Each structure stands twice: as structure tokens, then as C-alpha cells.
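Engineer: So here's target_34.txt (compact mmCIF, C-alpha atoms).
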# COMPACT_ATOMS: atom_id res chain seq x y z
CA MET A 1 -72.78 -11.59 -56.00
CA PRO A 2 -73.00 -8.46 -58.14
CA ALA A 3 -75.68 -8.58 -60.79
CA ASN A 4 -73.54 -7.08 -63.54
CA PRO A 5 -72.43 -10.03 -65.70
CA VAL A 6 -69.13 -8.38 -66.66
CA VAL A 7 -68.19 -7.84 -63.03
CA ARG A 8 -69.24 -11.40 -62.26
CA LEU A 9 -67.03 -12.73 -65.06
CA LEU A 10 -64.05 -10.67 -63.88
CA ARG A 11 -64.47 -12.12 -60.39
CA GLU A 12 -64.60 -15.73 -61.62
CA PRO A 13 -61.40 -17.49 -60.48
CA ARG A 14 -61.15 -19.56 -63.67
CA TRP A 15 -62.33 -18.93 -67.20
CA SER A 16 -62.92 -21.49 -69.89
CA PRO A 17 -59.62 -22.42 -71.57
CA TYR A 18 -61.31 -21.81 -74.94
CA LEU A 19 -62.33 -18.28 -73.98
CA VAL A 20 -58.82 -17.52 -72.72
CA GLY A 21 -57.23 -19.09 -75.80
CA ALA A 22 -59.47 -17.11 -78.15
CA MET A 23 -58.68 -13.87 -76.34
CA LEU A 24 -54.93 -14.61 -76.53
CA GLY A 25 -55.41 -15.11 -80.26
CA ILE A 26 -57.17 -11.75 -80.54
CA LEU A 27 -54.45 -10.11 -78.43
CA SER A 28 -52.00 -11.39 -81.05
CA TRP A 29 -54.04 -9.85 -83.88
CA ILE A 30 -53.73 -6.52 -82.08
CA THR A 31 -49.98 -6.76 -81.46
CA PHE A 32 -49.32 -7.89 -85.05
CA ALA A 33 -51.56 -5.30 -86.68
CA THR A 34 -50.94 -2.24 -84.51
CA MET A 35 -47.52 -2.76 -82.88
CA ASP A 36 -45.76 -4.93 -85.49
CA LYS A 37 -44.84 -7.31 -82.65
CA ALA A 38 -45.38 -10.95 -81.73
CA LEU A 39 -45.89 -12.15 -78.15
CA GLY A 40 -42.69 -13.51 -76.63
CA THR A 41 -40.92 -13.52 -73.26
CA SER A 42 -37.62 -15.36 -73.07
CA THR A 43 -35.41 -12.83 -74.89
CA THR A 44 -36.09 -10.52 -71.96
CA MET A 45 -34.14 -12.89 -69.69
CA VAL A 46 -31.11 -12.34 -71.95
CA ARG A 47 -31.52 -8.55 -71.88
CA ALA A 48 -32.00 -8.58 -68.10
CA ALA A 49 -29.00 -10.83 -67.46
CA GLY A 50 -26.84 -8.86 -69.93
CA GLY A 51 -28.00 -5.53 -68.51
CA ALA A 52 -27.18 -6.64 -64.96
CA GLU A 53 -23.80 -8.03 -66.01
CA ARG A 54 -23.05 -4.80 -67.84
CA LEU A 55 -23.31 -2.88 -64.56
CA ILE A 56 -20.56 -5.05 -63.05
CA ALA A 57 -18.39 -6.03 -66.00
CA PRO A 58 -19.17 -3.88 -69.07
CA ASP A 59 -16.08 -5.06 -70.96
CA HIS A 60 -16.99 -8.69 -70.52
CA VAL A 61 -20.52 -8.08 -71.85
CA GLN A 62 -18.98 -6.32 -74.86
CA SER A 63 -16.90 -9.43 -75.53
CA GLU A 64 -19.88 -11.80 -75.54
CA PRO A 65 -21.37 -11.97 -79.05
CA TYR A 66 -24.71 -13.19 -77.66
CA PHE A 67 -25.15 -10.09 -75.50
CA VAL A 68 -23.92 -7.84 -78.32
CA LYS A 69 -26.60 -9.38 -80.54
CA TYR A 70 -29.36 -8.13 -78.22
CA LEU A 71 -27.81 -5.14 -76.43
CA GLY A 72 -25.60 -3.77 -79.18
CA THR A 73 -22.15 -2.30 -78.66
CA ALA A 74 -20.97 0.60 -76.50
CA GLN A 75 -20.98 2.82 -79.61
CA ASP A 76 -24.31 1.58 -80.90
CA PRO A 77 -26.35 0.26 -77.96
CA LYS A 78 -29.83 -1.26 -78.04
CA PRO A 79 -32.11 -0.66 -75.05
CA VAL A 80 -32.44 -3.22 -72.25
CA PHE A 81 -35.96 -2.06 -71.37
CA GLU A 82 -37.92 -2.33 -74.61
CA TRP A 83 -41.37 -3.56 -75.67
CA GLN A 84 -40.99 -7.15 -74.52
CA PHE A 85 -39.30 -6.18 -71.24
CA ALA A 86 -42.30 -3.99 -70.35
CA LEU A 87 -44.59 -6.85 -71.37
CA VAL A 88 -42.77 -9.28 -69.08
CA ILE A 89 -42.92 -6.98 -66.05
CA PHE A 90 -46.62 -6.36 -66.59
CA LEU A 91 -47.36 -10.07 -66.94
CA ALA A 92 -47.00 -10.22 -63.17
CA VAL A 93 -49.20 -7.16 -62.70
CA GLY A 94 -51.93 -8.54 -64.95
CA ALA A 95 -51.90 -11.90 -63.16
CA PHE A 96 -51.97 -10.15 -59.78
CA ILE A 97 -55.07 -8.17 -60.80
CA ALA A 98 -56.73 -11.32 -62.14
CA ALA A 99 -56.03 -13.16 -58.89
CA ARG A 100 -56.99 -10.24 -56.65
CA LEU A 101 -60.36 -9.79 -58.39
CA SER A 102 -61.42 -13.26 -57.35
CA GLY A 103 -60.18 -13.11 -53.78
CA LYS A 104 -57.07 -12.95 -51.65
CA VAL A 105 -53.73 -13.64 -53.33
CA ARG A 106 -52.15 -16.42 -51.28
CA ALA A 107 -48.41 -17.10 -51.17
CA GLU A 108 -47.48 -20.51 -52.55
CA HIS A 109 -44.10 -21.94 -51.53
CA VAL A 110 -44.64 -25.63 -52.30
CA PRO A 111 -47.42 -26.57 -54.74
CA ASP A 112 -49.80 -29.46 -53.85
CA LEU A 113 -48.61 -31.87 -56.52
CA TRP A 114 -44.96 -31.37 -55.62
CA GLN A 115 -45.72 -31.80 -51.92
CA GLN A 116 -47.56 -35.09 -52.49
CA ARG A 117 -44.49 -36.51 -54.19
CA PHE A 118 -41.55 -34.78 -52.52
CA GLY A 119 -42.89 -33.55 -49.19
CA PRO A 120 -43.26 -30.06 -47.72
CA SER A 121 -39.56 -28.99 -47.83
CA LYS A 122 -39.28 -25.48 -49.23
CA GLY A 123 -35.54 -25.94 -49.76
CA LEU A 124 -35.97 -28.95 -52.01
CA ARG A 125 -38.68 -27.18 -54.02
CA TYR A 126 -36.54 -24.07 -54.42
CA ILE A 127 -33.51 -26.06 -55.58
CA ALA A 128 -35.64 -27.79 -58.22
CA ALA A 129 -37.15 -24.46 -59.30
CA LEU A 130 -33.71 -22.86 -59.62
CA LEU A 131 -32.32 -25.78 -61.58
CA GLY A 132 -35.46 -25.92 -63.72
CA GLY A 133 -35.14 -22.21 -64.52
CA VAL A 134 -31.50 -22.58 -65.58
CA ILE A 135 -32.22 -25.62 -67.79
CA LEU A 136 -35.36 -24.12 -69.30
CA ILE A 137 -33.79 -20.88 -70.42
CA ILE A 138 -30.75 -22.62 -71.92
CA GLY A 139 -33.20 -24.73 -73.92
CA ALA A 140 -35.29 -21.71 -74.90
CA ARG A 141 -32.31 -19.70 -76.12
CA MET A 142 -30.87 -22.66 -78.01
CA ALA A 143 -34.24 -23.21 -79.70
CA GLY A 144 -34.66 -19.47 -80.31
CA GLY A 145 -37.85 -19.03 -78.29
CA CYS A 146 -40.14 -20.41 -75.61
CA THR A 147 -43.79 -21.34 -75.15
CA SER A 148 -44.90 -17.83 -76.10
CA GLY A 149 -42.51 -16.95 -78.93
CA HIS A 150 -42.33 -20.40 -80.53
CA GLY A 151 -45.50 -21.95 -79.09
CA LEU A 152 -48.15 -19.25 -79.37
CA SER A 153 -46.69 -16.81 -81.92
CA GLY A 154 -44.82 -19.42 -83.95
CA GLY A 155 -47.70 -21.88 -83.73
CA MET A 156 -50.30 -19.43 -85.06
CA GLN A 157 -48.03 -18.33 -87.93
CA LEU A 158 -47.56 -22.04 -88.68
CA SER A 159 -43.81 -21.52 -88.53
CA THR A 160 -41.80 -24.69 -88.93
CA SER A 161 -39.58 -23.84 -85.97
CA GLY A 162 -42.55 -23.30 -83.65
CA TRP A 163 -44.13 -26.66 -84.35
CA ILE A 164 -40.79 -28.50 -84.08
CA PHE A 165 -40.21 -26.75 -80.77
CA MET A 166 -43.61 -27.74 -79.36
CA ALA A 167 -43.18 -31.37 -80.36
CA ALA A 168 -39.70 -31.43 -78.81
CA MET A 169 -40.94 -29.69 -75.66
CA PHE A 170 -43.46 -32.47 -75.08
CA ALA A 171 -40.90 -35.11 -76.03
CA GLY A 172 -38.65 -33.73 -73.28
CA GLY A 173 -41.35 -32.93 -70.73
CA VAL A 174 -43.51 -36.06 -70.81
CA PRO A 175 -40.79 -38.57 -69.83
CA THR A 176 -39.45 -36.12 -67.24
CA ALA A 177 -42.90 -35.83 -65.65
CA ALA A 178 -43.41 -39.60 -65.78
CA LEU A 179 -40.07 -40.12 -64.06
CA LEU A 180 -40.46 -37.39 -61.44
CA TYR A 181 -44.03 -38.29 -60.49
CA ARG A 182 -43.69 -42.05 -60.90
CA GLY A 183 -45.89 -43.96 -58.51
CA LEU A 184 -48.17 -41.06 -57.69
CA SER A 185 -51.77 -42.27 -57.71
CA ASP A 186 -54.22 -41.11 -60.36
CA LYS A 187 -55.97 -38.99 -57.79
CA GLY A 188 -52.64 -37.36 -56.98
CA GLY A 189 -52.30 -33.70 -57.66
CA ALA A 190 -55.72 -32.93 -59.05
CA SER A 191 -55.21 -29.43 -60.33
CA MET B 1 -29.93 5.01 -79.18
CA ASN B 2 -30.32 4.83 -75.42
CA ALA B 3 -28.55 1.85 -73.81
CA TRP B 4 -31.32 1.36 -71.25
CA PHE B 5 -34.76 2.57 -72.32
CA ALA B 6 -36.82 2.42 -75.49
CA ASP B 7 -39.22 5.30 -76.20
CA PRO B 8 -42.16 5.72 -73.79
CA THR B 9 -44.83 4.76 -76.37
CA THR B 10 -43.13 1.43 -77.06
CA LEU B 11 -42.84 0.76 -73.33
CA LEU B 12 -46.47 1.69 -72.72
CA LEU B 13 -47.72 -0.58 -75.50
CA GLY B 14 -45.58 -3.42 -74.16
CA ALA B 15 -46.90 -2.86 -70.66
CA LEU B 16 -50.53 -2.88 -71.83
CA THR B 17 -49.95 -6.07 -73.80
CA GLY B 18 -48.30 -7.70 -70.80
CA LEU B 19 -51.12 -6.62 -68.51
CA VAL B 20 -53.75 -8.32 -70.69
CA PHE B 21 -51.52 -11.33 -71.37
CA GLY B 22 -50.85 -11.90 -67.65
CA PHE B 23 -54.51 -11.40 -66.75
CA LEU B 24 -55.55 -14.02 -69.31
CA LEU B 25 -52.85 -16.52 -68.31
CA HIS B 26 -54.09 -16.42 -64.74
CA LYS B 27 -57.79 -16.67 -65.59
CA GLY B 28 -56.92 -19.57 -67.87
CA GLY B 29 -55.37 -21.45 -64.94
CA VAL B 30 -51.93 -21.76 -66.53
CA THR B 31 -50.20 -19.81 -63.76
CA SER B 32 -50.73 -22.97 -61.69
CA PHE B 33 -47.81 -25.39 -61.23
CA ASN B 34 -50.27 -28.29 -60.88
CA VAL B 35 -52.05 -27.47 -64.15
CA ILE B 36 -48.79 -27.24 -66.11
CA VAL B 37 -47.16 -30.37 -64.71
CA ASN B 38 -50.40 -32.33 -65.08
CA GLN B 39 -50.47 -31.44 -68.78
CA PHE B 40 -47.19 -33.31 -69.17
CA ARG B 41 -48.74 -36.22 -67.18
CA PHE B 42 -51.80 -36.09 -69.50
CA LYS B 43 -54.07 -35.62 -66.51
CA ASP B 44 -55.19 -32.07 -67.28
CA PHE B 45 -55.40 -30.70 -70.83
CA THR B 46 -55.89 -27.04 -69.89
CA VAL B 47 -52.51 -25.97 -71.33
CA LEU B 48 -53.12 -27.56 -74.73
CA LYS B 49 -56.70 -26.25 -74.88
CA VAL B 50 -55.52 -22.69 -74.23
CA MET B 51 -52.59 -22.94 -76.62
CA LEU B 52 -54.31 -24.58 -79.56
CA THR B 53 -57.33 -22.28 -79.30
CA ALA B 54 -54.97 -19.28 -79.32
CA ILE B 55 -53.08 -20.74 -82.28
CA PHE B 56 -56.30 -21.35 -84.24
CA VAL B 57 -57.92 -17.99 -83.52
CA GLY B 58 -54.63 -16.08 -83.85
CA GLY B 59 -53.72 -17.83 -87.08
CA ILE B 60 -57.11 -17.30 -88.74
CA GLY B 61 -56.95 -13.60 -87.82
CA ILE B 62 -53.37 -12.93 -88.84
CA TYR B 63 -53.56 -14.81 -92.14
CA GLY B 64 -57.08 -13.44 -92.65
CA MET B 65 -55.93 -9.84 -92.29
CA ARG B 66 -53.17 -10.52 -94.81
CA ALA B 67 -55.60 -12.22 -97.18
CA VAL B 68 -57.84 -9.13 -97.31
CA GLY B 69 -54.81 -6.98 -98.08
CA MET B 70 -54.05 -5.45 -94.70
CA ASP B 71 -50.44 -4.52 -94.10
CA VAL B 72 -49.66 -7.07 -91.39
CA ALA B 73 -46.11 -8.45 -91.32
CA LEU B 74 -45.32 -11.96 -90.14
CA HIS B 75 -42.71 -12.47 -87.41
CA VAL B 76 -41.44 -15.92 -88.25
CA LYS B 77 -38.45 -17.24 -86.31
CA GLY B 78 -35.73 -19.12 -88.15
CA THR B 79 -35.82 -22.88 -88.36
CA ALA B 80 -32.65 -24.73 -87.39
CA LEU B 81 -33.55 -28.38 -87.09
CA LEU B 82 -30.97 -29.45 -84.51
CA ALA B 83 -31.20 -26.34 -82.31
CA ASN B 84 -35.03 -26.26 -82.36
CA THR B 85 -35.22 -29.94 -81.45
CA LEU B 86 -32.43 -30.08 -78.88
CA GLY B 87 -33.47 -26.76 -77.34
CA GLY B 88 -37.10 -27.90 -77.16
CA LEU B 89 -36.14 -31.16 -75.45
CA ILE B 90 -34.03 -29.32 -72.86
CA PHE B 91 -36.78 -26.73 -72.41
CA GLY B 92 -39.37 -29.46 -71.74
CA ILE B 93 -37.20 -31.02 -69.03
CA GLY B 94 -36.66 -27.65 -67.36
CA MET B 95 -40.33 -26.71 -67.66
CA VAL B 96 -41.45 -29.85 -65.79
CA LEU B 97 -38.84 -29.33 -63.06
CA LEU B 98 -39.83 -25.70 -62.59
CA GLY B 99 -43.53 -26.21 -63.27
CA TYR B 100 -43.76 -23.07 -65.41
CA CYS B 101 -42.49 -21.68 -68.68
CA PRO B 102 -40.91 -18.19 -68.69
CA GLY B 103 -44.17 -16.27 -69.27
CA THR B 104 -46.28 -18.28 -66.85
CA ALA B 105 -43.52 -18.12 -64.19
CA ILE B 106 -43.54 -14.32 -64.26
CA ALA B 107 -47.34 -14.27 -64.21
CA ALA B 108 -47.37 -16.80 -61.34
CA ILE B 109 -45.20 -14.47 -59.27
CA GLY B 110 -47.98 -11.89 -59.51
CA ALA B 111 -50.48 -14.55 -58.46
CA GLY B 112 -48.49 -15.39 -55.31
CA SER B 113 -46.06 -18.14 -56.30
CA ARG B 114 -42.83 -17.76 -54.32
CA HIS B 115 -40.98 -20.68 -55.91
CA ALA B 116 -41.58 -19.06 -59.32
CA ILE B 117 -39.36 -16.18 -58.12
CA VAL B 118 -36.56 -18.69 -57.54
CA GLY B 119 -37.26 -20.09 -60.99
CA VAL B 120 -36.88 -16.67 -62.62
CA VAL B 121 -33.57 -16.16 -60.79
CA GLY B 122 -32.54 -19.50 -62.33
CA MET B 123 -33.59 -18.20 -65.76
CA LEU B 124 -31.39 -15.11 -65.39
CA LEU B 125 -28.45 -17.30 -64.36
CA GLY B 126 -29.23 -19.62 -67.27
CA ALA B 127 -29.23 -16.70 -69.71
CA ALA B 128 -25.77 -15.64 -68.47
CA VAL B 129 -24.53 -19.23 -68.81
CA TYR B 130 -26.00 -19.44 -72.31
CA ALA B 131 -24.15 -16.29 -73.39
CA GLU B 132 -20.89 -18.00 -72.37
CA MET B 133 -21.83 -21.17 -74.30
CA TYR B 134 -23.00 -19.26 -77.38
CA PRO B 135 -19.74 -19.07 -79.39
CA TRP B 136 -19.30 -22.85 -79.16
CA LEU B 137 -22.96 -23.56 -79.89
CA GLN B 138 -22.87 -21.21 -82.84
CA ALA B 139 -19.90 -23.05 -84.30
CA ASN B 140 -21.22 -26.56 -83.67
CA ILE B 141 -24.99 -26.73 -83.13
CA LEU B 142 -26.98 -23.70 -84.21
CA GLY B 143 -26.25 -23.90 -87.93
CA VAL B 144 -27.16 -27.57 -88.37
CA GLY B 145 -30.25 -27.99 -90.57
CA ASN B 146 -30.71 -24.26 -90.96
CA LEU B 147 -33.70 -23.65 -93.24
CA GLY B 148 -34.19 -19.93 -92.62
CA LYS B 149 -37.46 -18.25 -91.66
CA VAL B 150 -39.85 -20.78 -93.13
CA THR B 151 -43.45 -21.71 -92.44
CA ILE B 152 -45.15 -25.05 -92.97
CA PRO B 153 -47.62 -23.70 -95.61
CA GLU B 154 -44.68 -22.26 -97.59
CA GLN B 155 -42.76 -25.51 -97.40
CA VAL B 156 -45.60 -27.77 -98.48
CA HIS B 157 -47.16 -25.20 -100.88
CA ILE B 158 -50.59 -25.12 -99.30
CA SER B 159 -52.87 -22.34 -98.08
CA PRO B 160 -52.40 -21.65 -94.35
CA PHE B 161 -56.18 -21.93 -93.97
CA LEU B 162 -56.04 -25.54 -95.18
CA LEU B 163 -53.84 -26.26 -92.17
CA LEU B 164 -55.62 -24.04 -89.64
CA ILE B 165 -59.17 -25.21 -90.37
CA PRO B 166 -58.46 -28.95 -89.93
CA LEU B 167 -56.51 -28.04 -86.79
CA GLY B 168 -59.55 -26.21 -85.43
CA VAL B 169 -61.96 -28.98 -86.41
CA GLY B 170 -59.68 -31.63 -84.90
CA ALA B 171 -59.38 -29.65 -81.68
CA ALA B 172 -63.15 -29.12 -81.52
CA ILE B 173 -63.69 -32.87 -81.80
CA ALA B 174 -60.88 -34.00 -79.48
CA PHE B 175 -60.91 -31.41 -76.71
CA PRO B 176 -64.37 -32.02 -75.22
CA ARG B 177 -63.25 -35.62 -74.62
CA LEU B 178 -60.12 -34.57 -72.77
CA LYS B 179 -60.52 -33.41 -69.21
CA SER B 180 -59.21 -30.19 -67.79
CA SER B 181 -59.38 -28.84 -64.29
CA GLY B 182 -62.36 -26.64 -63.56
CA ARG B 183 -62.29 -23.79 -61.15
CA ALA B 184 -59.03 -24.07 -59.29
CA SER B 185 -59.25 -24.36 -55.53
CA SER B 186 -55.62 -23.28 -55.36
CA SER B 187 -53.73 -21.15 -57.83
Rewrite the structure from the file as C-alpha cells, please.
Structural biologist:
Amino acid sequence: MPANPVVRLLREPRWSPYLVGAMLGILSWITFATMDKALGTSTTMVRAAGGAERLIAPDHVQSEPYFVKYLGTAQDPKPVFEWQFALVIFLAVGAFIAARLSGKVRAEHVPDLWQQRFGPSKGLRYIAALLGGVILIIGARMAGGCTSGHGLSGGMQLSTSGWIFMAAMFAGGVPTAALLYRGLSDKGGAS
Amino acid sequence: MNAWFADPTTLLLGALTGLVFGFLLHKGGVTSFNVIVNQFRFKDFTVLKVMLTAIFVGGIGIYGMRAVGMDVALHVKGTALLANTLGGLIFGIGMVLLGYCPGTAIAAIGAGSRHAIVGVVGMLLGAAVYAEMYPWLQANILGVGNLGKVTIPEQVHISPFLLLIPLGVGAAIAFPRLKSSGRASSS
């Protein structure tokens, strides 16, 4: 083990949730004060989907008011790759570095908890992940944000929408988890 | 304005923010499917500990900077009671099925999760589907209970600190009693 405490901390696989939470709070101070931005992610899915669709069917994208809202019109376009899009891409890079610093990055196809309940089938896991992704983003866009935009950024600004969203998210997620993982022992799926 | 790219400074700042954000999400353990799903089973409180600490520290700082006269704008999203509630419910169902939210799914891809890639493909499809549904939703759902860009302290006429401080004290009392996973053996 290296003696330098900073290096040792960077190589730790897990940090205290309070340390991570506090640093996410401070990251938000910086984005608010110096970039005039709040952390968020799910709008990028709209820009990415609209940008991809625009390559195939530009006229159709022009006729969808939701895409026009974020990407503008042909005469007055707004960029697909903007601040949040760069943020979203680099989320993966940041997590990769964090994982790599504490060892090898292993591929995960079927997580432990899922496997204990539904078995080792990759196909079944992928179908659930695909369906989950579709449902989740429809919910996020209807609500106007996700766990970052409504949860973190909305939560810390004490916005009414953010706190309603978080309560509703748990109200939807808790029964779903109880139903999906019904009968799994208490020991099951220790994180 | 360019139809594809914002200016390089904006992109660089976004990239730096994402880099730190993703790094922290992984070190916090919330790029793990097990950690996220077990929050909804009340078996692991890591997600709530990270989120509420971020909300407390972020809120104190943002409202604090404004209180001392710094020019820091809020970025409050509009409140629409039906859409926020219904969207949140749907989001919660999807989040448990996928095992990630949008940000943690992208971060999890970097940390090796292959099924998170499938989840993000689902999100892109979902966004395209949502764009098709939008005109109907706008006419029937999105406007119901629209209160505008409001915050709780504005609505109840109270200082934001009088909400944030009890939140922090409550969390400091409750959280040590609630377990969270320690060092993850698997990510």
C-alpha cells in the first residue's frame, strides 16, 4: 500500500456515502456559481434520440414539438452536443477511472441480486434492462427530470417538483421491488 | 447556432463536471445494481445517504452564497402536480427493473456493467417514444396542477435554512441507525 494518504483514498473501492454526498453538494456549488448550470442527465437522452432520428428523418423530427423544444428548428437550431451531453459522456469516463484505480474493471452481465432471483440468463436480464430503460425515461420526461435533475439539483434547491418527484419515485419503486424480489431471503443480494 | 456542437468551453466544462460526477457516483457505490435495488427493498440505505447529504450540503452552499449577496441563479424546474407524480411513479418502476437511474446507468457502463448499456439503449428508444406521445400528454396531462417554478420555502414563506437545517439534523440522527453496504466486493 502506498503511504500517501491521498493515493490510498483514491485507490479505496468505496468511499463513505457522506463524503461522496458532500462532494456532490460541493460540485453543485461550483456548477451553479461558475457555470450557471445544475446537474442533470435525462434531457441528454432526448437530444441523443432526436439527433439520431434527425439523421434518418429530419422532416419528422421537425414535426415533433418535443424535439423542436430541445433541438430547435432547421432555421434556428440548438446544439445536440451541449454542456449536459458532455457531462453524460464523461460520467462513464469518471466512473471508469474510479473503478480502475481500485483494481481491474470486471464486466457485469447479470448482477448478483438479479441472478439469485431470476437465474443466470443474460437474455432475461437484458430484456428487463431494455424495458426498464424505456419505462424510466418516459417517466423522467413526463416528470421533467430524473434522479439528478429533480432529485439532487431540485432537492437541494428545495423545489416543490423535486420533492414530489422523489416521493413518487419511491412510491413507484418500493412496491415494484417488493413484487419482483418477493420471497428472496433477507441474506439475499447483500450489496 | 450550430445544430450539433456547443462552443468548446461549454463542452469542456460539461466534460469536467461529468468526470467528477461519475468518479463520485462510483466511489459512492451507486453504480451498483445491487445497491440501488436494495435501497428500494430498504436493505441498503447508501442511495439515500448519498442523496440527502448532497441535498443538505448543496442546499446550504447555494442558498448561503445567495444570502451573502453572490450572483448565483437558481435553476428550479416547474411544478406540475400530475406530471411530477405520475412521471415519478413510472420512473420508480423503471428504475427498479433496470437497477439504475439515467446518470448511474451511464456511470455503471464505465465501471463494467454490460446490462446498463442495454438499459441506455432502452432510454434512447423511450425518449423517441415520449416525443411521439408528447402532443397528447401536453393536451391532457402536463398542464394539470401547474404551479410554475416554485420552491417549498417560497410556498410556505419560510427561510430555506429552516428547512435544510432540520433535514440535516434529522439525517444525522437517522442515518447512523440505517445500514448501508460497506466496501463492495462486486461493483
Engineer: Would you compute the distance between CA of Gly143 in chain B and CA of Tyr70 in chain A? Give it in Å to one decimal.
Structural biologist: 18.8 Å
Engineer: Expressed in Å to a single decimal, how great is the separation between CA of Phe91 in chain B and CA of Ala140 in chain A?
Structural biologist: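 Computed distance, CA of Phe91 in chain B to CA of Ala140 in chain A, equals 5.8 Å.
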Engineer: Kindly give the distance, in Å, that separates CA of Leu162 in chain B and CA of Gln157 in chain A, rounded to a single decimal.
Structural biologist: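 So the answer is 13.0 Å.
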Engineer: Once 4 Å is added on each side, what are the centre and the three edge lengths, in Å to one decimal, of the axis-aligned box enclosing the listed atoms of range 103-121 of chain A? Present them as AutoDock Vina command-line options.
Structural biologist:
--center_x -49.9 --center_y -24.7 --center_z -52.1 --size_x 28.6 --size_y 31.6 --size_z 16.8
Engineer: Between A:Ile137, A:Met142, A:Arg100, A:Val93, which has the minimum distance to Pro135 in chain B (counting all atoms listed in the file)?
Structural biologist: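 Residue with the minimum atom-to-atom distance to Pro135 in chain B: A:Met142.
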Engineer: Find the residues around Ile60 in chain B up to 10 Å (only C-alpha atoms counted), leave out those fewer than 6 positions away in its own chain, and share them as a list in words.
Structural biologist: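 Using only C-alpha atoms, the neighbours found are Gly25, Ile26, Trp29, Met156 and Gln157 of chain A; Ala54, Arg66, Ala67, Pro160, Phe161, Leu164, Ile165 and Gly168 of chain B.
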Engineer: Could you check which of A:Leu184, A:Met23, A:Ala3, A:Leu124 is closest to chain B, using only C-alpha atoms?
Structural biologist: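 Nearest to chain B: A:Met23.
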Engineer: With only C-alpha atoms as the counted atoms, please give the residues lying no more than 8 Å from His109 in chain A, apart from itself and same-chain residues fewer than 6 positions off, as a list in words.
Structural biologist: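 Counting only the stated atoms, we get Lys122 and Arg125 of chain A; Ser113, Arg114 and His115 of chain B.
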Engineer: Compare B:Asn84, B:Gln155, B:Asn38, B:Ser32 by their minimum atom-to-atom distance to chain A, counting all atoms listed in the file, and give me the closest one.
Structural biologist: B:Asn84
